[in-house]
Amino acid sequence: MTTPRPEPQPVLPRALGAAVTGAVLATGARAYLSWATHRSDRICRTTDGLCFTGWNLTAVPLVFAVALVVLLVVYKRLGIRPRIAVVPPTLMLAPMPLAAADTAAGWWAVALAGGAWSYSLALAAWDRYRIPALAASAALLLASMAVLYG
């Protein structure tokens with residue numbers, strides 16, 4: 001007697017959920033970092049030397065912490081596994097394509113780059129799509145390096 005195997009869940013809706021999450025996180029991160037920079041610039045306007053505020057010291061760690069928690073919760077709900085192999089590259093390498101998109105075209109490009117980056121790395125969680133997904137991630141990373149350093 002064989003045990004019935006559960007029907008595999010479709011990959012596309014889960015990967016699109018990751019893309020939407022990436023786009024929202026990228027847009028939110030850009031808005032918060034812009035706000036924190038503006039606030040720090042206003043506070044440090046009267047200072048001639050180095051000026052550090054709580055806003056510019058905690059902005060990046062706060063963005064990373066919020067993004068980490070959101071990605072872990074959303075990827076668990078979407079059933080994207082193994083999260084330990086998907087979430088760290090999504091977070092650690094994301095600043096490159098997001099900075100390139102912001103440099104090139106502004107907030108809407110940041111949202112598109114965040115969505116494409118999250119989509120490609122989330123799609124790499126499935127064996128069938130691993131090679132094309134990693135190739136797309138590498139292409140995004142190389143293109144962003146060309147924009148930033150070219």
# chains A, B, ... in the order shown; residues from 1 in each chain; ligands from 1
$ residues_around --residues "Ala67 of chain A" --least-positions-apart "5" --cutoff "9 Å" --atoms "only C-alpha atoms" --output "ChimeraX atom specification"
/A:22,25-26,29,62,72,91
$ residues_around --residues "Ala135 of chain A" --least-positions-apart "6" --cutoff "12 Å" --atoms "only C-alpha atoms" --output "ChimeraX atom specification"
/A:117,120-121,123-124,129,141-142
$ write_last_selection --atoms "all heavy atoms" --output "mmCIF file, in the first residue's frame"
data_model
loop_
_atom_site.group_PDB
_atom_site.id
_atom_site.type_symbol
_atom_site.label_atom_id
_atom_site.label_comp_id
_atom_site.auth_asym_id
_atom_site.auth_seq_id
_atom_site.Cartn_x
_atom_site.Cartn_y
_atom_site.Cartn_z
ATOM 1 N N TRP A 117 15.079 40.976 -7.557
ATOM 2 C CA TRP A 117 16.114 40.328 -6.741
ATOM 3 C C TRP A 117 15.501 39.260 -5.835
ATOM 4 O O TRP A 117 15.980 38.136 -5.757
ATOM 5 C CB TRP A 117 16.851 41.385 -5.936
ATOM 6 C CG TRP A 117 17.977 40.863 -5.134
ATOM 7 C CD1 TRP A 117 18.024 40.747 -3.781
ATOM 8 C CD2 TRP A 117 19.230 40.372 -5.619
ATOM 9 N NE1 TRP A 117 19.222 40.223 -3.403
ATOM 10 C CE2 TRP A 117 19.978 39.984 -4.516
ATOM 11 C CE3 TRP A 117 19.777 40.225 -6.882
ATOM 12 C CZ2 TRP A 117 21.255 39.456 -4.614
ATOM 13 C CZ3 TRP A 117 21.056 39.707 -6.994
ATOM 14 C CH2 TRP A 117 21.773 39.331 -5.878
ATOM 15 N N SER A 120 14.141 36.246 -7.962
ATOM 16 C CA SER A 120 15.148 35.333 -8.510
ATOM 17 C C SER A 120 15.786 34.476 -7.430
ATOM 18 O O SER A 120 16.022 33.285 -7.630
ATOM 19 C CB SER A 120 16.201 36.108 -9.301
ATOM 20 O OG SER A 120 16.887 36.996 -8.462
ATOM 21 N N LEU A 121 16.060 35.061 -6.268
ATOM 22 C CA LEU A 121 16.667 34.259 -5.207
ATOM 23 C C LEU A 121 15.664 33.310 -4.555
ATOM 24 O O LEU A 121 16.026 32.211 -4.158
ATOM 25 C CB LEU A 121 17.315 35.154 -4.162
ATOM 26 C CG LEU A 121 18.635 35.754 -4.614
ATOM 27 C CD1 LEU A 121 19.149 36.740 -3.591
ATOM 28 C CD2 LEU A 121 19.672 34.695 -4.882
ATOM 29 N N LEU A 123 13.194 31.897 -6.154
ATOM 30 C CA LEU A 123 12.996 30.843 -7.151
ATOM 31 C C LEU A 123 14.125 29.817 -7.108
ATOM 32 O O LEU A 123 13.926 28.651 -7.442
ATOM 33 C CB LEU A 123 12.912 31.476 -8.540
ATOM 34 C CG LEU A 123 12.234 30.692 -9.646
ATOM 35 C CD1 LEU A 123 10.816 30.336 -9.260
ATOM 36 C CD2 LEU A 123 12.243 31.485 -10.929
ATOM 37 N N ALA A 124 15.280 30.210 -6.639
ATOM 38 C CA ALA A 124 16.416 29.291 -6.536
ATOM 39 C C ALA A 124 16.215 28.233 -5.454
ATOM 40 O O ALA A 124 16.988 27.279 -5.377
ATOM 41 C CB ALA A 124 17.693 30.067 -6.266
ATOM 42 N N TYR A 129 14.286 25.138 -10.868
ATOM 43 C CA TYR A 129 14.521 26.509 -11.323
ATOM 44 C C TYR A 129 15.842 27.089 -10.820
ATOM 45 O O TYR A 129 16.112 28.266 -11.025
ATOM 46 C CB TYR A 129 13.375 27.421 -10.862
ATOM 47 C CG TYR A 129 12.027 26.940 -11.310
ATOM 48 C CD1 TYR A 129 11.154 26.342 -10.413
ATOM 49 C CD2 TYR A 129 11.642 27.061 -12.630
ATOM 50 C CE1 TYR A 129 9.920 25.894 -10.823
ATOM 51 C CE2 TYR A 129 10.403 26.616 -13.048
ATOM 52 C CZ TYR A 129 9.541 26.024 -12.136
ATOM 53 O OH TYR A 129 8.332 25.577 -12.549
ATOM 54 N N LEU A 141 23.210 41.242 -10.442
ATOM 55 C CA LEU A 141 24.358 41.710 -9.674
ATOM 56 C C LEU A 141 25.420 42.326 -10.580
ATOM 57 O O LEU A 141 25.950 43.401 -10.290
ATOM 58 C CB LEU A 141 24.941 40.553 -8.868
ATOM 59 C CG LEU A 141 25.848 40.904 -7.714
ATOM 60 C CD1 LEU A 141 25.146 41.810 -6.714
ATOM 61 C CD2 LEU A 141 26.322 39.649 -7.018
ATOM 62 N N LEU A 142 25.693 41.683 -11.704
ATOM 63 C CA LEU A 142 26.683 42.229 -12.645
ATOM 64 C C LEU A 142 26.211 43.538 -13.269
ATOM 65 O O LEU A 142 26.998 44.477 -13.431
ATOM 66 C CB LEU A 142 27.008 41.206 -13.720
ATOM 67 C CG LEU A 142 27.862 40.020 -13.255
ATOM 68 C CD1 LEU A 142 27.985 38.986 -14.366
ATOM 69 C CD2 LEU A 142 29.223 40.493 -12.808
#
$ atom_distance --atom1 "atom CA of Ala19 of chain A" --atom2 "atom CA of Ala65 of chain A"
18.8 Å
$ residues_around --residues "segment 100-110 of chain A" --least-positions-apart "4" --cutoff "8 Å" --atoms "only C-alpha atoms" --output "PDB file with N, CA and C atoms, in the first residue's frame"
ATOM      1  N   ALA A  23       9.838  44.025  -3.249  1.00  0.00           N
ATOM      2  CA  ALA A  23       9.557  45.372  -3.749  1.00  0.00           C
ATOM      3  C   ALA A  23       9.115  46.298  -2.617  1.00  0.00           C
ATOM      4  N   ALA A  26      12.165  46.996  -0.351  1.00  0.00           N
ATOM      5  CA  ALA A  26      13.126  47.890  -1.001  1.00  0.00           C
ATOM      6  C   ALA A  26      12.623  49.330  -1.000  1.00  0.00           C
ATOM      7  N   THR A  27      11.354  49.519  -1.291  1.00  0.00           N
ATOM      8  CA  THR A  27      10.786  50.867  -1.296  1.00  0.00           C
ATOM      9  C   THR A  27      10.778  51.452   0.111  1.00  0.00           C
ATOM     10  N   ARG A  30      14.380  52.367   1.140  1.00  0.00           N
ATOM     11  CA  ARG A  30      14.832  53.591   0.486  1.00  0.00           C
ATOM     12  C   ARG A  30      14.202  54.812   1.138  1.00  0.00           C
ATOM     13  N   MET A  96      23.514  46.166  -3.487  1.00  0.00           N
ATOM     14  CA  MET A  96      24.118  46.464  -4.804  1.00  0.00           C
ATOM     15  C   MET A  96      23.041  46.785  -5.852  1.00  0.00           C
ATOM     16  N   GLY A 114      14.165  45.469  -6.296  1.00  0.00           N
ATOM     17  CA  GLY A 114      13.899  44.686  -5.092  1.00  0.00           C
ATOM     18  C   GLY A 114      13.014  43.491  -5.376  1.00  0.00           C
ATOM     19  N   SER A 144      24.174  45.661 -11.909  1.00  0.00           N
ATOM     20  CA  SER A 144      24.244  46.707 -10.898  1.00  0.00           C
ATOM     21  C   SER A 144      25.682  47.165 -10.670  1.00  0.00           C
ATOM     22  N   MET A 145      26.632  46.249 -10.733  1.00  0.00           N
ATOM     23  CA  MET A 145      28.035  46.645 -10.605  1.00  0.00           C
ATOM     24  C   MET A 145      28.468  47.510 -11.775  1.00  0.00           C
ATOM     25  N   VAL A 147      26.523  49.543 -13.432  1.00  0.00           N
ATOM     26  CA  VAL A 147      25.927  50.872 -13.232  1.00  0.00           C
ATOM     27  C   VAL A 147      26.681  51.645 -12.159  1.00  0.00           C
ATOM     28  N   LEU A 148      27.029  50.972 -11.073  1.00  0.00           N
ATOM     29  CA  LEU A 148      27.679  51.663  -9.969  1.00  0.00           C
ATOM     30  C   LEU A 148      29.144  52.012 -10.245  1.00  0.00           C
TER      31      LEU A 148
END
